[in-house]
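Notes to accompany the following structure.
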Amino acid sequence: MHAVGIVAAAGSGLRLGVGRPKALVPLAGRPLVGWAVETLLTGGVDEVVVTAPAAEHEAVTAAVPAGARVVTGGATRTASVRAALAVVRPGTDAVLVHDAARPLTPPEVVARVLAALAAGAPAVVPVLPVIDTTVSVDASGLVTGTLPRAALRRVQTPQGFARAPLAAAYAALPEDAELTDDAAVVRAAGVPVATVEGHERAAKVTVAHDLALAELLVAR
Ligand code: C5P
């Protein structure tokens, strides 16, 4: 099975508040995008395509292992993944889409996703249980209901797909559609999405607290 990894790294990182794209922010001296590419390769992916902000093509290229292909991303994550998918060869069996913002994802999670695809799943996402009581609220913040926690999962990346249904689902998606992950794209096209166990270390770095926590984890 030939697997290509896509690393979405073209975000601005505004919520991290460091004044530069999040993917280039260092964790233990190494840009987040470098960690994410390394994880995919160690976990068993054969080649990697990285999406970079237009102005940071060179910086992202310098931050990732030689051989990783860098393409310019789009205005949304969905547009960025679409741009990377466009350069994935049709002969590819599997595509794993990963966030640069999840630098400490253990390679074993990548391996679990690849194993599920090899076993025939057309789509698979790593998930973790929801541990807090989770409620819905109205516009004023008033609680309107408690969600059935046992049936809820937190979805991580890398998300894995057979290439053909992923490409078809993106082709069928309206040009301006903006979905928060790729499983939502294939589900919109009617593709069933399986789950495998994720990992707390695959948590997304979004705000300063997340980066501080990641630094502590690397130092352990
Ligand atoms: O904004 P968020 O943290 O959800 O972004 C998830 C991932 O998608 C990040 O790694 C980010 O770099 C990437 N992204 C992208 N292109 C965009 C926006 C986000 O590749 N236009």
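Going by the structure tokens order, chains are called A, B, ..., each with residues numbered from 1, while ligands are numbered from 1 in the order shown.
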
| task | Within 6 Å of ligand 1, which residues show up when you count only C-alpha atoms and all ligand atoms? List them as a ChimeraX atom specification, please. | result | /A:8-11,23,51,73-77,80,99-101,206

| said: as a list in words, please: the residues near A:Asp93 (cut-off 7 Å, only C-alpha atoms, same-chain neighbours under 5 positions excluded). | reply: Met1, His2, Ala3, Ala162 and Arg163 of chain A

| query | A:Gln159, A:Thr133, A:Thr195, A:Thr39: which is nearest A:Leu96, counting only C-alpha atoms? | reply |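 So, comparing all the options, the nearest one is A:Gln159.
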
| Near A:Leu179, within 12 Å and counting only C-alpha atoms, which residues show up once chain neighbours fewer than 6 positions away are dropped, as number ranges by chain? | A: 76-82, 170, 173, 185-188

Keeping C-alpha atoms, export the residues of the selection given above as a PDB file, in the first residue's frame.
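Here's the written file part_29.pdb:
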```
ATOM      1  CA  THR A  76      -9.078  27.842   4.588  1.00  0.00           C
ATOM      2  CA  ARG A  77      -7.885  24.437   5.774  1.00  0.00           C
ATOM      3  CA  THR A  78     -10.272  22.842   3.283  1.00  0.00           C
ATOM      4  CA  ALA A  79      -8.705  24.855   0.425  1.00  0.00           C
ATOM      5  CA  SER A  80      -5.207  23.939   1.608  1.00  0.00           C
ATOM      6  CA  VAL A  81      -5.926  20.210   1.665  1.00  0.00           C
ATOM      7  CA  ARG A  82      -7.548  20.524  -1.760  1.00  0.00           C
ATOM      8  CA  TYR A 170     -13.277  16.886  -2.573  1.00  0.00           C
ATOM      9  CA  LEU A 173     -17.503  19.678  -2.519  1.00  0.00           C
ATOM     10  CA  VAL A 185     -15.740  15.960   3.579  1.00  0.00           C
ATOM     11  CA  VAL A 186     -16.029  12.229   2.840  1.00  0.00           C
ATOM     12  CA  ARG A 187     -19.054  11.807   5.102  1.00  0.00           C
ATOM     13  CA  ALA A 188     -20.785  14.506   3.068  1.00  0.00           C
TER      14      ALA A 188
END
```

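Atom pair atom CA of A:Val95 / atom CA of A:Ala116: separated by 12.4 Å.
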
| request: Apply DSSP to the backbone of this structure and, from stretch 107-187 of chain A, keep only the residues in strand (DSSP E or B); write these as a ChimeraX atom specification. | output: /A:123-129,135-137,143-146,153-155,159-162

| query | Near A:Gly13, counting only C-alpha atoms, which residues have an atom at most 9 Å away, once you skip same-chain residues fewer than 5 positions from it, shown as a PyMOL selection string? | reply | chain A and resi 18-23+206-207

| field | Point-to-point distance from atom CA of A:Glu108 to atom CA of A:Ala94, Å rounded to tenths | value | 17.0 Å

| query | Skipping near chain neighbours, those fewer than 4 positions away, what residues fall within 10 Å of A:Ala214 using only C-alpha atoms, listed as a ChimeraX atom specification? | reply | /A:27-28,102-104,201-205,208-210,218-219

Write to file, as a compact mmCIF listing (two decimals), in the first residue's frame, the residues of the selection just made, with C-alpha atoms.
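Saved to result09.txt:
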```
# COMPACT_ATOMS: atom_id res chain seq x y z
CA LEU A 27 8.90 23.31 19.89
CA ALA A 28 12.16 22.28 21.57
CA ARG A 102 -0.36 18.26 16.32
CA PRO A 103 3.44 17.94 16.61
CA LEU A 104 3.66 15.24 19.29
CA ARG A 201 -0.12 13.52 22.91
CA ALA A 202 -1.82 14.16 19.56
CA ALA A 203 -3.56 17.19 21.12
CA LYS A 204 -3.72 20.27 18.90
CA VAL A 205 -1.54 23.28 19.67
CA ALA A 208 -0.19 29.50 24.27
CA HIS A 209 -1.12 27.02 27.01
CA ASP A 210 -1.01 24.13 24.50
CA VAL A 218 9.08 16.98 25.12
CA ALA A 219 11.35 17.75 28.07
```

| field | Counting only C-alpha atoms, the residue of A:Ala123, A:Trp35, A:Arg149, A:Leu213 that sits nearest A:Ala189 | value | A:Ala123

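Of the listed residues (A:Glu175, A:Glu38, A:Asp182, A:Asp132), A:Asp182 comes nearest to A:Val155; the distances count only C-alpha atoms.
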
| query | atom CA of A:Leu128 to atom CA of A:Gly198: how many Å, to one decimal? | reply |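 Answer for the atom CA of A:Leu128 to atom CA of A:Gly198 separation: 5.6 Å.
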
| said: I need the residue nearest A:Leu117 from this list: A:Ala59, A:Val193, A:Val25, A:Ala36. Use only C-alpha atoms for the distance. | reply: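 Counting only C-alpha atoms, the residue closest to A:Leu117 is A:Val193.
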
| query | Nearest to A:Val130 among A:Leu147, A:Ala183, A:Ala55, A:Ala167, with distances taken over only C-alpha atoms: which residue is it? | reply |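 Among A:Leu147, A:Ala183, A:Ala55, A:Ala167, it is A:Leu147 that comes nearest to A:Val130.
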
| stretch 38-213 of chain A: residues DSSP assigns to alpha helix (DSSP H), reported as number ranges by chain | A: 38-43, 57-63, 77-85, 107-118, 163-172, 182-188, 208-213

Could the residues in this selection be written to a file with C-alpha atoms, as a PDB file, in the first residue's frame?
```pdb
ATOM      1  CA  GLU A  38       8.650  13.275  10.915  1.00  0.00           C
ATOM      2  CA  THR A  39       5.773  11.543  12.742  1.00  0.00           C
ATOM      3  CA  LEU A  40       4.088  10.576   9.473  1.00  0.00           C
ATOM      4  CA  LEU A  41       7.306   9.175   7.991  1.00  0.00           C
ATOM      5  CA  THR A  42       8.213   7.264  11.169  1.00  0.00           C
ATOM      6  CA  GLY A  43       4.673   5.874  11.363  1.00  0.00           C
ATOM      7  CA  HIS A  57       7.269  28.573   1.135  1.00  0.00           C
ATOM      8  CA  GLU A  58      11.022  28.733   1.724  1.00  0.00           C
ATOM      9  CA  ALA A  59      10.804  28.733   5.510  1.00  0.00           C
ATOM     10  CA  VAL A  60       8.523  25.677   5.512  1.00  0.00           C
ATOM     11  CA  THR A  61      10.781  23.877   3.015  1.00  0.00           C
ATOM     12  CA  ALA A  62      13.731  24.495   5.334  1.00  0.00           C
ATOM     13  CA  ALA A  63      11.752  23.194   8.326  1.00  0.00           C
ATOM     14  CA  ARG A  77      -7.885  24.437   5.774  1.00  0.00           C
ATOM     15  CA  THR A  78     -10.272  22.842   3.283  1.00  0.00           C
ATOM     16  CA  ALA A  79      -8.705  24.855   0.425  1.00  0.00           C
ATOM     17  CA  SER A  80      -5.207  23.939   1.608  1.00  0.00           C
ATOM     18  CA  VAL A  81      -5.926  20.210   1.665  1.00  0.00           C
ATOM     19  CA  ARG A  82      -7.548  20.524  -1.760  1.00  0.00           C
ATOM     20  CA  ALA A  83      -4.332  22.108  -3.105  1.00  0.00           C
ATOM     21  CA  ALA A  84      -2.183  19.311  -1.666  1.00  0.00           C
ATOM     22  CA  LEU A  85      -4.507  16.597  -2.973  1.00  0.00           C
ATOM     23  CA  PRO A 107       3.914   7.339  15.224  1.00  0.00           C
ATOM     24  CA  GLU A 108       1.840   4.454  16.633  1.00  0.00           C
ATOM     25  CA  VAL A 109      -1.311   6.486  15.864  1.00  0.00           C
ATOM     26  CA  VAL A 110      -0.154   6.825  12.242  1.00  0.00           C
ATOM     27  CA  ALA A 111       0.449   3.065  12.165  1.00  0.00           C
ATOM     28  CA  ARG A 112      -3.065   2.363  13.539  1.00  0.00           C
ATOM     29  CA  VAL A 113      -4.613   4.534  10.815  1.00  0.00           C
ATOM     30  CA  LEU A 114      -2.554   2.811   8.097  1.00  0.00           C
ATOM     31  CA  ALA A 115      -3.520  -0.631   9.453  1.00  0.00           C
ATOM     32  CA  ALA A 116      -7.237   0.204   9.311  1.00  0.00           C
ATOM     33  CA  LEU A 117      -6.872   1.368   5.691  1.00  0.00           C
ATOM     34  CA  ALA A 118      -4.884  -1.758   4.800  1.00  0.00           C
ATOM     35  CA  ARG A 163      -7.254   8.038  -2.238  1.00  0.00           C
ATOM     36  CA  ALA A 164     -10.061   7.653  -4.776  1.00  0.00           C
ATOM     37  CA  PRO A 165     -13.063   8.315  -2.467  1.00  0.00           C
ATOM     38  CA  LEU A 166     -11.205  11.234  -0.831  1.00  0.00           C
ATOM     39  CA  ALA A 167     -10.439  12.815  -4.215  1.00  0.00           C
ATOM     40  CA  ALA A 168     -14.037  12.228  -5.369  1.00  0.00           C
ATOM     41  CA  ALA A 169     -15.443  13.768  -2.173  1.00  0.00           C
ATOM     42  CA  TYR A 170     -13.277  16.886  -2.573  1.00  0.00           C
ATOM     43  CA  ALA A 171     -14.264  17.130  -6.255  1.00  0.00           C
ATOM     44  CA  ALA A 172     -17.948  17.037  -5.234  1.00  0.00           C
ATOM     45  CA  ASP A 182     -11.505  15.756   6.110  1.00  0.00           C
ATOM     46  CA  ALA A 183     -13.719  13.071   7.591  1.00  0.00           C
ATOM     47  CA  ALA A 184     -16.565  15.589   7.285  1.00  0.00           C
ATOM     48  CA  VAL A 185     -15.740  15.960   3.579  1.00  0.00           C
ATOM     49  CA  VAL A 186     -16.029  12.229   2.840  1.00  0.00           C
ATOM     50  CA  ARG A 187     -19.054  11.807   5.102  1.00  0.00           C
ATOM     51  CA  ALA A 188     -20.785  14.506   3.068  1.00  0.00           C
ATOM     52  CA  ALA A 208      -0.194  29.504  24.267  1.00  0.00           C
ATOM     53  CA  HIS A 209      -1.119  27.020  27.014  1.00  0.00           C
ATOM     54  CA  ASP A 210      -1.007  24.134  24.504  1.00  0.00           C
ATOM     55  CA  LEU A 211       2.503  25.083  23.391  1.00  0.00           C
ATOM     56  CA  ALA A 212       3.718  25.360  26.994  1.00  0.00           C
ATOM     57  CA  LEU A 213       2.286  21.906  27.697  1.00  0.00           C
TER      58      LEU A 213
END
```

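Checking A:Val97, A:Leu217, A:Val64, A:Val7 one by one against A:Pro126, counting only C-alpha atoms, you find the shortest gap at A:Val97.
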